[in-house]
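Quick look at data_11.txt (compact mmCIF, C-alpha atoms):
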# COMPACT_ATOMS: atom_id res chain seq x y z
CA SER A 269 -2.01 -6.62 27.89
CA THR A 270 -1.02 -7.07 24.26
CA ARG A 271 -1.19 -10.86 24.69
CA SER A 272 -4.75 -10.87 26.01
CA THR A 273 -6.08 -8.30 23.55
CA TRP A 274 -4.43 -10.16 20.68
CA ALA A 275 -6.23 -13.32 21.71
CA ARG A 276 -9.56 -11.45 21.62
CA LEU A 277 -9.01 -9.75 18.27
CA PRO A 278 -11.74 -11.00 15.87
CA GLY A 279 -10.42 -12.92 12.88
CA SER A 280 -6.76 -12.78 13.88
CA LEU A 281 -4.42 -15.54 14.91
CA PRO A 282 -5.46 -16.72 18.40
CA TRP A 283 -1.93 -16.86 19.73
CA PRO A 284 1.09 -14.57 20.01
CA ASP A 285 4.54 -15.34 18.67
CA PRO A 286 5.77 -18.19 20.94
CA LEU A 287 9.30 -16.76 21.06
CA THR A 288 8.43 -13.18 21.94
CA GLY A 289 4.84 -13.25 23.18
CA ARG A 290 4.10 -10.45 20.70
CA GLY A 291 1.34 -11.06 18.21
CA GLU A 292 2.17 -8.09 15.99
CA LEU A 293 5.49 -9.49 14.73
CA LEU A 294 4.00 -11.98 12.25
CA PRO A 295 1.86 -9.37 10.44
CA SER A 296 4.87 -7.02 10.51
CA ALA A 297 6.94 -9.64 8.69
CA GLY A 298 4.08 -10.30 6.27
CA LEU A 299 3.76 -6.61 5.49
CA ALA A 300 7.50 -6.27 4.88
CA ILE A 301 7.35 -9.19 2.44
CA GLY A 302 4.32 -7.71 0.67
CA ALA A 303 6.02 -4.31 0.46
CA GLY A 304 9.07 -5.96 -1.07
CA VAL A 305 6.91 -7.45 -3.82
CA TRP A 306 5.28 -4.04 -4.42
CA GLY A 307 8.84 -2.80 -5.02
CA LEU A 308 8.98 -5.11 -8.05
CA TYR A 309 5.65 -3.84 -9.38
CA TRP A 310 7.36 -1.57 -11.88
CA ILE A 311 8.65 -4.60 -13.84
CA PRO A 312 5.29 -5.94 -15.15
CA VAL A 313 3.93 -2.40 -15.46
CA ARG A 314 6.83 -1.46 -17.72
CA ALA A 315 6.51 -4.74 -19.65
CA ILE A 316 2.80 -4.09 -20.27
CA GLU A 317 3.59 -0.58 -21.51
CA GLN A 318 6.35 -1.87 -23.79
CA ALA A 319 3.90 -4.38 -25.25
CA GLY A 320 1.88 -1.44 -26.55
CA VAL A 321 -0.59 -0.52 -23.79
CA GLN A 322 -0.75 3.23 -23.19
CA ALA A 323 0.72 4.15 -19.80
CA ALA A 324 -2.54 5.64 -18.49
CA TRP A 325 -4.31 2.33 -19.14
CA THR A 326 -1.90 0.05 -17.28
CA GLY A 327 -3.82 0.54 -14.02
CA PRO A 328 -7.27 -0.30 -15.43
CA VAL A 329 -5.84 -3.31 -17.29
CA ILE A 330 -4.16 -4.71 -14.18
CA PHE A 331 -7.12 -4.12 -11.87
CA THR A 332 -9.58 -5.58 -14.38
CA ALA A 333 -7.51 -8.75 -14.69
CA SER A 334 -7.21 -9.03 -10.90
CA LEU A 335 -10.95 -8.50 -10.44
CA VAL A 336 -11.76 -11.20 -13.01
CA VAL A 337 -9.62 -13.66 -11.05
CA LEU A 338 -11.28 -12.65 -7.77
CA LEU A 339 -14.86 -12.37 -9.05
CA PRO A 340 -15.98 -15.96 -8.29
CA PHE A 341 -14.88 -15.54 -4.67
CA LEU A 342 -16.64 -12.17 -4.33
CA LEU A 343 -19.87 -13.59 -5.73
CA SER A 344 -19.68 -16.51 -3.32
CA ARG A 345 -19.24 -14.06 -0.42
CA LEU A 346 -21.91 -11.60 -1.53
CA GLY A 347 -23.96 -12.22 1.61
CA VAL A 348 -20.99 -11.42 3.84
CA LEU A 349 -20.33 -8.25 1.85
CA ILE A 350 -23.93 -7.10 2.21
CA ARG A 351 -24.14 -7.87 5.94
CA ASN A 352 -20.83 -6.22 6.80
CA TRP A 353 -20.68 -3.46 4.21
CA PRO A 354 -20.08 -0.55 6.67
CA GLY A 355 -16.77 -2.02 7.84
CA ILE A 356 -15.74 -3.25 4.39
CA MET A 357 -16.70 -0.56 1.91
CA LEU A 358 -15.10 2.60 3.32
CA PRO A 359 -11.58 1.24 3.96
CA GLY A 360 -11.73 -0.68 0.68
CA LEU A 361 -12.77 2.46 -1.18
CA LEU A 362 -10.03 4.59 0.42
CA ALA A 363 -7.31 1.97 -0.07
CA GLY A 364 -8.37 1.32 -3.66
CA PHE A 365 -8.45 5.02 -4.44
CA ALA A 366 -5.02 5.43 -2.84
CA PHE A 367 -3.44 2.73 -4.98
CA ALA A 368 -5.10 3.93 -8.19
CA LEU A 369 -3.91 7.48 -7.49
CA TYR A 370 -0.39 6.18 -6.86
CA ILE A 371 -0.33 4.27 -10.16
CA GLY A 372 -1.73 7.37 -11.87
CA SER A 373 1.00 9.52 -10.32
CA LEU A 374 3.69 7.24 -11.77
CA ASN A 375 2.29 8.03 -15.23
CA GLN A 376 2.03 11.79 -14.65
CA THR A 377 5.21 12.75 -12.79
CA ASP A 378 8.74 11.55 -12.06
CA VAL A 379 8.84 8.21 -10.27
CA VAL A 380 11.11 9.65 -7.57
CA ARG A 381 8.69 12.51 -6.85
CA ALA A 382 5.72 10.12 -6.78
CA ILE A 383 7.44 7.86 -4.25
CA LEU A 384 8.55 10.72 -2.03
CA LEU A 385 5.15 12.39 -1.94
CA PHE A 386 3.34 9.11 -1.28
CA TYR A 387 5.73 8.27 1.54
CA MET A 388 4.75 11.33 3.47
CA SER A 389 2.16 8.82 4.72
CA PRO A 390 4.14 7.87 7.88
CA LEU A 391 3.70 11.48 9.02
CA TRP A 392 -0.04 11.53 8.23
CA SER A 393 -0.48 8.13 9.86
CA THR A 394 1.33 9.20 13.01
CA LEU A 395 -0.84 12.31 13.35
CA LEU A 396 -4.05 10.37 12.67
CA GLY A 397 -3.00 7.69 15.14
CA MET A 398 -2.54 10.30 17.85
CA VAL A 399 -5.81 12.15 17.12
CA VAL A 400 -8.18 9.33 16.15
CA LEU A 401 -6.74 6.28 17.91
CA ARG A 402 -5.30 8.07 20.95
CA GLU A 403 -1.94 6.46 20.26
CA ARG A 404 0.99 7.72 22.34
CA LEU A 405 3.94 9.28 20.51
CA THR A 406 6.84 7.28 21.91
CA SER A 407 10.56 7.95 21.65
CA ASN A 408 10.84 4.82 19.47
CA ARG A 409 8.30 6.24 17.02
CA VAL A 410 10.06 9.62 16.84
CA LEU A 411 13.44 7.94 16.24
CA ALA A 412 11.95 5.60 13.64
CA LEU A 413 10.38 8.54 11.78
CA ILE A 414 13.66 10.45 11.78
CA LEU A 415 15.55 7.41 10.47
CA ALA A 416 12.90 6.62 7.83
CA PHE A 417 12.72 10.14 6.41
CA SER A 418 16.51 10.43 6.55
CA GLY A 419 16.75 7.26 4.50
CA LEU A 420 14.26 8.55 1.95
CA TYR A 421 16.17 11.82 1.77
CA VAL A 422 19.51 10.10 1.19
CA VAL A 423 18.15 7.72 -1.46
CA LEU A 424 15.84 10.07 -3.36
CA VAL A 425 16.06 13.76 -2.41
CA VAL A 426 19.80 14.48 -2.50
CA GLU A 427 19.86 14.77 -6.29
CA SER A 428 16.25 15.62 -7.10
CA GLY A 429 15.45 18.22 -4.45
CA LEU A 430 12.43 18.50 -2.17
CA PRO A 431 9.24 17.23 -3.84
CA ILE A 432 6.97 20.27 -3.59
CA PRO A 433 3.80 19.43 -5.62
CA ARG A 434 3.82 21.22 -8.96
CA ASN A 435 1.71 19.13 -11.36
CA SER A 436 -1.28 16.76 -11.32
CA GLY A 437 0.91 13.68 -10.85
CA ASP A 438 2.50 15.20 -7.75
CA TRP A 439 -0.91 15.95 -6.27
CA TYR A 440 -2.09 12.42 -7.10
CA ALA A 441 0.87 11.02 -5.14
CA LEU A 442 0.33 13.31 -2.15
CA LEU A 443 -3.41 12.56 -2.06
CA SER A 444 -2.65 8.86 -2.46
CA GLY A 445 -0.54 8.82 0.69
CA LEU A 446 -3.21 10.71 2.63
CA CYS A 447 -5.98 8.36 1.44
CA TRP A 448 -3.86 5.36 2.39
CA SER A 449 -3.26 6.76 5.87
CA VAL A 450 -6.98 7.28 6.45
CA ALA A 451 -7.68 3.80 5.05
CA THR A 452 -5.24 2.19 7.48
CA VAL A 453 -6.94 3.95 10.40
CA ARG A 454 -10.32 2.53 9.31
CA LEU A 455 -8.84 -0.94 8.71
CA PHE A 456 -7.26 -0.89 12.15
CA GLN A 457 -10.45 0.29 13.85
CA ASP A 458 -12.48 -2.54 12.31
CA GLY A 459 -9.92 -5.22 13.25
CA ALA A 460 -8.90 -8.38 11.39
CA ARG A 461 -12.32 -9.37 10.15
CA ASN A 462 -13.56 -9.96 6.57
CA VAL A 463 -10.05 -9.40 5.23
CA PRO A 464 -10.55 -11.31 1.92
CA GLU A 465 -13.66 -9.23 1.25
CA LYS A 466 -11.71 -6.05 1.95
CA VAL A 467 -9.07 -7.18 -0.55
CA GLY A 468 -11.78 -7.65 -3.17
CA VAL A 469 -13.34 -4.25 -2.51
CA PHE A 470 -9.85 -2.69 -2.60
CA ILE A 471 -9.32 -4.02 -6.13
CA LEU A 472 -12.84 -3.07 -7.26
CA PHE A 473 -12.48 0.55 -6.18
CA ALA A 474 -8.92 0.72 -7.52
CA LEU A 475 -10.37 -0.18 -10.92
CA VAL A 476 -13.15 2.42 -10.60
CA MET A 477 -10.71 5.17 -9.60
CA SER A 478 -8.14 4.27 -12.27
CA ILE A 479 -10.82 4.57 -14.98
CA ALA A 480 -11.97 7.88 -13.46
CA LEU A 481 -8.39 9.16 -13.71
CA VAL A 482 -8.26 8.18 -17.40
CA LEU A 483 -11.48 10.11 -17.98
CA TRP A 484 -10.09 13.08 -16.06
CA GLU A 485 -6.88 13.14 -18.07
CA GLN A 486 -8.18 12.16 -21.54
CA GLY A 487 -11.84 13.18 -21.48
CA ASP A 488 -13.11 9.88 -22.90
CA LEU A 489 -12.34 6.16 -23.17
CA ARG A 490 -11.61 6.05 -26.88
CA GLN A 491 -8.00 4.97 -26.35
CA MET A 492 -9.04 1.92 -24.33
CA PRO A 493 -6.82 -1.02 -25.37
CA THR A 494 -8.49 -3.79 -27.36
CA LEU A 495 -7.98 -7.51 -26.80
CA PRO A 496 -5.56 -7.80 -29.77
CA MET A 497 -3.51 -4.97 -28.24
CA LEU A 498 -3.36 -6.84 -24.92
CA MET A 499 -2.29 -10.19 -26.31
CA PRO A 500 1.47 -9.40 -26.49
CA ALA A 501 1.32 -8.63 -22.76
CA PHE A 502 -0.98 -11.53 -21.87
CA TYR A 503 1.48 -13.46 -19.71
CA TRP A 504 2.53 -10.33 -17.82
CA ILE A 505 -1.11 -9.38 -17.20
CA LEU A 506 -1.92 -12.90 -16.00
CA ALA A 507 1.12 -13.00 -13.73
CA ILE A 508 0.38 -9.67 -12.09
CA ALA A 509 -3.32 -10.54 -11.69
CA LEU A 510 -2.45 -13.76 -9.86
CA LEU A 511 0.32 -12.16 -7.81
CA GLN A 512 -1.59 -9.05 -6.82
CA LEU A 513 -4.16 -10.96 -4.78
CA PRO A 514 -1.78 -12.51 -2.19
CA VAL A 515 0.34 -9.36 -2.12
CA THR A 516 -2.72 -7.19 -1.51
CA PHE A 517 -3.73 -9.59 1.27
CA LEU A 518 -0.26 -9.14 2.82
CA THR A 519 -0.93 -5.40 2.76
CA ILE A 520 -4.53 -5.28 3.98
CA TRP A 521 -4.37 -7.98 6.67
CA PRO A 522 -1.43 -6.44 8.58
CA ALA A 523 -3.12 -3.04 8.38
CA THR A 524 -6.04 -4.48 10.40
CA ILE A 525 -3.65 -5.43 13.23
CA LEU A 526 -0.75 -2.97 13.13
CA SER A 527 -1.00 0.71 13.96
CA PRO A 528 -1.23 2.97 10.88
CA ALA A 529 2.18 4.59 11.41
CA ARG A 530 3.86 1.18 11.71
CA VAL A 531 2.16 0.08 8.50
CA ALA A 532 3.38 3.20 6.66
CA MET A 533 6.99 2.75 7.81
CA LEU A 534 7.18 -0.97 7.03
CA LEU A 535 5.85 -0.27 3.54
CA MET A 536 9.06 1.68 2.90
CA VAL A 537 10.68 -1.69 2.14
CA GLU A 538 9.11 -1.07 -1.29
CA VAL A 539 11.57 1.77 -1.87
CA LEU A 540 14.58 -0.42 -1.11
CA VAL A 541 13.47 -3.27 -3.33
CA GLY A 542 12.49 -0.90 -6.13
CA VAL A 543 15.84 0.89 -6.13
CA ALA A 544 17.84 -2.35 -5.84
CA SER A 545 15.87 -4.15 -8.55
CA ALA A 546 16.18 -1.19 -10.92
CA ALA A 547 19.95 -1.16 -10.32
CA LEU A 548 20.16 -4.88 -11.02
CA LEU A 549 17.89 -5.05 -14.06
CA ILE A 550 18.24 -1.70 -15.85
CA ASP A 551 21.60 -0.51 -14.54
CA GLU A 552 20.32 2.38 -12.48
CA PRO A 553 22.86 3.59 -9.89
CA PHE A 554 23.19 1.76 -6.58
CA GLY A 555 26.22 2.94 -4.65
CA LEU A 556 27.21 4.18 -1.23
CA ARG A 557 24.37 6.72 -1.08
CA GLU A 558 21.71 4.11 -1.85
CA ILE A 559 23.24 1.64 0.61
CA THR A 560 23.30 4.31 3.35
CA GLY A 561 19.65 5.15 2.73
CA ALA A 562 18.74 1.47 2.75
CA VAL A 563 20.45 0.96 6.11
CA LEU A 564 18.61 3.95 7.57
CA ILE A 565 15.19 2.73 6.38
CA VAL A 566 15.81 -0.83 7.58
CA THR A 567 16.98 0.52 10.93
CA ALA A 568 13.80 2.60 11.16
CA GLY A 569 11.73 -0.55 10.71
CA ILE A 570 13.72 -2.41 13.35
CA VAL A 571 13.37 0.47 15.81
CA GLU A 572 9.63 0.67 15.14
CA VAL A 573 8.89 -3.05 15.68
CA SER A 574 11.25 -3.34 18.67
CA ARG A 575 8.58 -1.76 20.87
CA ARG A 576 5.10 -3.07 21.54
CA GLN A 577 2.26 -1.12 20.00
CA THR A 578 0.71 1.48 22.29
CA VAL A 579 -2.78 0.81 20.91
CA VAL A 580 -4.55 -2.40 19.84
CA ALA A 581 -7.60 -2.75 17.62
CA SER A 582 -9.70 -4.71 20.10
CA ASP A 583 -9.54 -1.77 22.53
CA LEU A 584 -11.28 0.48 20.01
CA PRO A 585 -14.92 0.85 19.02
CA HIS A 586 -15.54 -0.89 15.69
CA GLY A 587 -17.01 1.11 12.84

Written form, structure tokens:
Amino acid sequence: STRSTWARLPGSLPWPDPLTGRGELLPSAGLAIGAGVWGLYWIPVRAIEQAGVQAAWTGPVIFTASLVVLLPFLLSRLGVLIRNWPGIMLPGLLAGFAFALYIGSLNQTDVVRAILLFYMSPLWSTLLGMVVLRERLTSNRVLALILAFSGLYVVLVVESGLPIPRNSGDWYALLSGLCWSVATVRLFQDGARNVPEKVGVFILFALVMSIALVLWEQGDLRQMPTLPMLMPAFYWILAIALLQLPVTFLTIWPATILSPARVAMLLMVEVLVGVASAALLIDEPFGLREITGAVLIVTAGIVEVSRRQTVVASDLPHG
């Protein structure tokens, strides 16, 4: 049963929700909260750009600051990293690459297109869950997918059209969603173990990939921002470095417990918060269409979590 397998899951909470008997509800709530904070990510990114940092360098700046904050912990856990590297490195690499590609896509294409192409990930995750994890495709999952994609369509596609990839930023976003889906499969297979280390590796590889994207786009690192250039954005950089660590934890930890498709759909909370915050802070439109899309996406999440998972990590071989 879900209750017994939850109790055996390495590194997870040893008890289910006392009200429902379902251990996956707490990580689902945590992921929704983390996704909501990701929806506000554009605010410090834009502030750092306005302070004078070139858009392509916002990713490397943010990941470097986060890694500096996390470095003492990583050094203290070096033995754990070395002993458990097979289960830590690959999902961390894939997740880090996915996030760096997503940030890169925001700099290379329209934000709406980047979001839409990344959030093809519920489809990839569902297919991977069926093939790799032997997850059953339930009626709840089908309904949730229909509601989620309908919500995305209403909020983002009605005016902008279908996001068929047509430039490097579009391909970054599409590849980002695919990398994230594969990463969540690997995180789920390994279970809720060494999560802080996976967060650290996530940030490390996000930094590596974001610098690689700068080299790909610019050919060299000559436009790297200097310390005097960063000083006007110091408080924003510090804030996002400190905030990114708990938010990344609220993304990685649930992905070790929840099925990949559920993770992808709950992350859509980011879209709602992003659209609403942009309407509130920079007067972007938020009317009946946006409200309708928001209701559809929220309903998709409710439908998805209303049914127990059909696969649990402790039933799978660990990689």

**Asked** What is the atom CA of Leu343 of chain A to atom CA of Val469 of chain A distance in Å?
**Response**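 A separation of 11.8 Å between them.
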
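Put simply, atom CA of Thr560 of chain A is 10.1 Å away from atom CA of Leu420 of chain A.
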
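Nearest to Val566 of chain A of all the residues A:Ala544, A:Ala412, A:Leu424, A:Ser407 is A:Ala412, counting only C-alpha atoms.
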
**Fill in**
In Å and to one decimal, atom CA of Leu506 of chain A is distant from atom CA of Ala315 of chain A by 12.3 Å

**Asked** Counting all atoms listed in the file, what is within 7 Å of Trp392 of chain A, bar same-chain residues fewer than 3 positions away, as JSON, numbers by chain?
**Response** {"A": [388, 389, 395, 396, 446, 449]}

**Best match for closeness to Glu317 of chain A among A:Met497, A:Val573, A:Leu556, A:Leu384, counting all atoms listed in the file** =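 Between A:Met497, A:Val573, A:Leu556, A:Leu384, the residue approaching Glu317 of chain A most closely is A:Met497.
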
Write out as a compact mmCIF listing (two decimals) with C-alpha atoms, keeping the file's coordinate frame which residues come within 8 Å of Val571 of chain A when counting all atoms listed in the file, dropping same-chain ones fewer than 3 positions away.
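Once everything was written out, this is part_39.txt:
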# COMPACT_ATOMS: atom_id res chain seq x y z
CA ASN A 408 10.84 4.82 19.47
CA ARG A 409 8.30 6.24 17.02
CA LEU A 411 13.44 7.94 16.24
CA ALA A 412 11.95 5.60 13.64
CA THR A 567 16.98 0.52 10.93
CA ALA A 568 13.80 2.60 11.16
CA SER A 574 11.25 -3.34 18.67
CA ARG A 575 8.58 -1.76 20.87

**Complete:** For Arg402 of chain A, the closest of A:Val453, A:Leu361, A:Ile330, A:Met477 counting all atoms listed in the file is A:Val453

**Message:** List the spatial neighbours of Val336 of chain A as a ChimeraX atom specification - criterion: any atom at most 12 Å away, all atoms listed in the file, same-chain residues fewer than 3 positions off excluded.
**Reply:** /A:329-333,339-343,468,471-472,475,505-506,509-510,513

**Top pick for closest residue to Ile414 of chain A, considering A:Gly360, A:Gly569, A:Pro522, A:Pro433 and counting only C-alpha atoms** = A:Gly569

**Shell of 10 Å around Leu489 of chain A, only C-alpha atoms, local chain residues under 4 positions omitted, as a ChimeraX atom specification** = /A:325,479-480,482-483,493

**Request:** Would you please work out which residue, of A:Leu308, A:Leu534, A:Met499, A:Leu511, is nearest to Leu548 of chain A when using all atoms listed in the file?
**Result:**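 Looking at the shortest contact to Leu548 of chain A, the residue is A:Leu308.
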
**Request:** Compare A:Ser296, A:Thr452, A:Ser344, A:Asn375 by their minimum atom-to-atom distance to Val313 of chain A, counting only C-alpha atoms, and give me the closest one.
**Result:**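 Closest residue, counting only C-alpha atoms: A:Asn375.
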
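Every protein, DNA or RNA residue with an atom at most 9 Å from Leu481 of chain A, where all atoms listed in the file count and chain neighbours fewer than 3 positions away do not, is listed here: Ala324, Ala368, Leu369, Gly372, Val476, Met477, Ser478, Trp484, Glu485 and Gln486 of chain A.
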
Counting all atoms listed in the file, which residues come within 6 Å of (-8.2, -2.3, 3.0), with the point read in the file's coordinates, and could you list them as a PDB file with C-alpha atoms, in the coordinates of the input?
ATOM      1  CA  PRO A 359     -11.580   1.240   3.960  1.00  0.00           C
ATOM      2  CA  GLY A 360     -11.730  -0.680   0.680  1.00  0.00           C
ATOM      3  CA  ALA A 363      -7.310   1.970  -0.070  1.00  0.00           C
ATOM      4  CA  LEU A 455      -8.840  -0.940   8.710  1.00  0.00           C
ATOM      5  CA  LYS A 466     -11.710  -6.050   1.950  1.00  0.00           C
ATOM      6  CA  PHE A 470      -9.850  -2.690  -2.600  1.00  0.00           C
ATOM      7  CA  ILE A 520      -4.530  -5.280   3.980  1.00  0.00           C
TER       8      ILE A 520
END
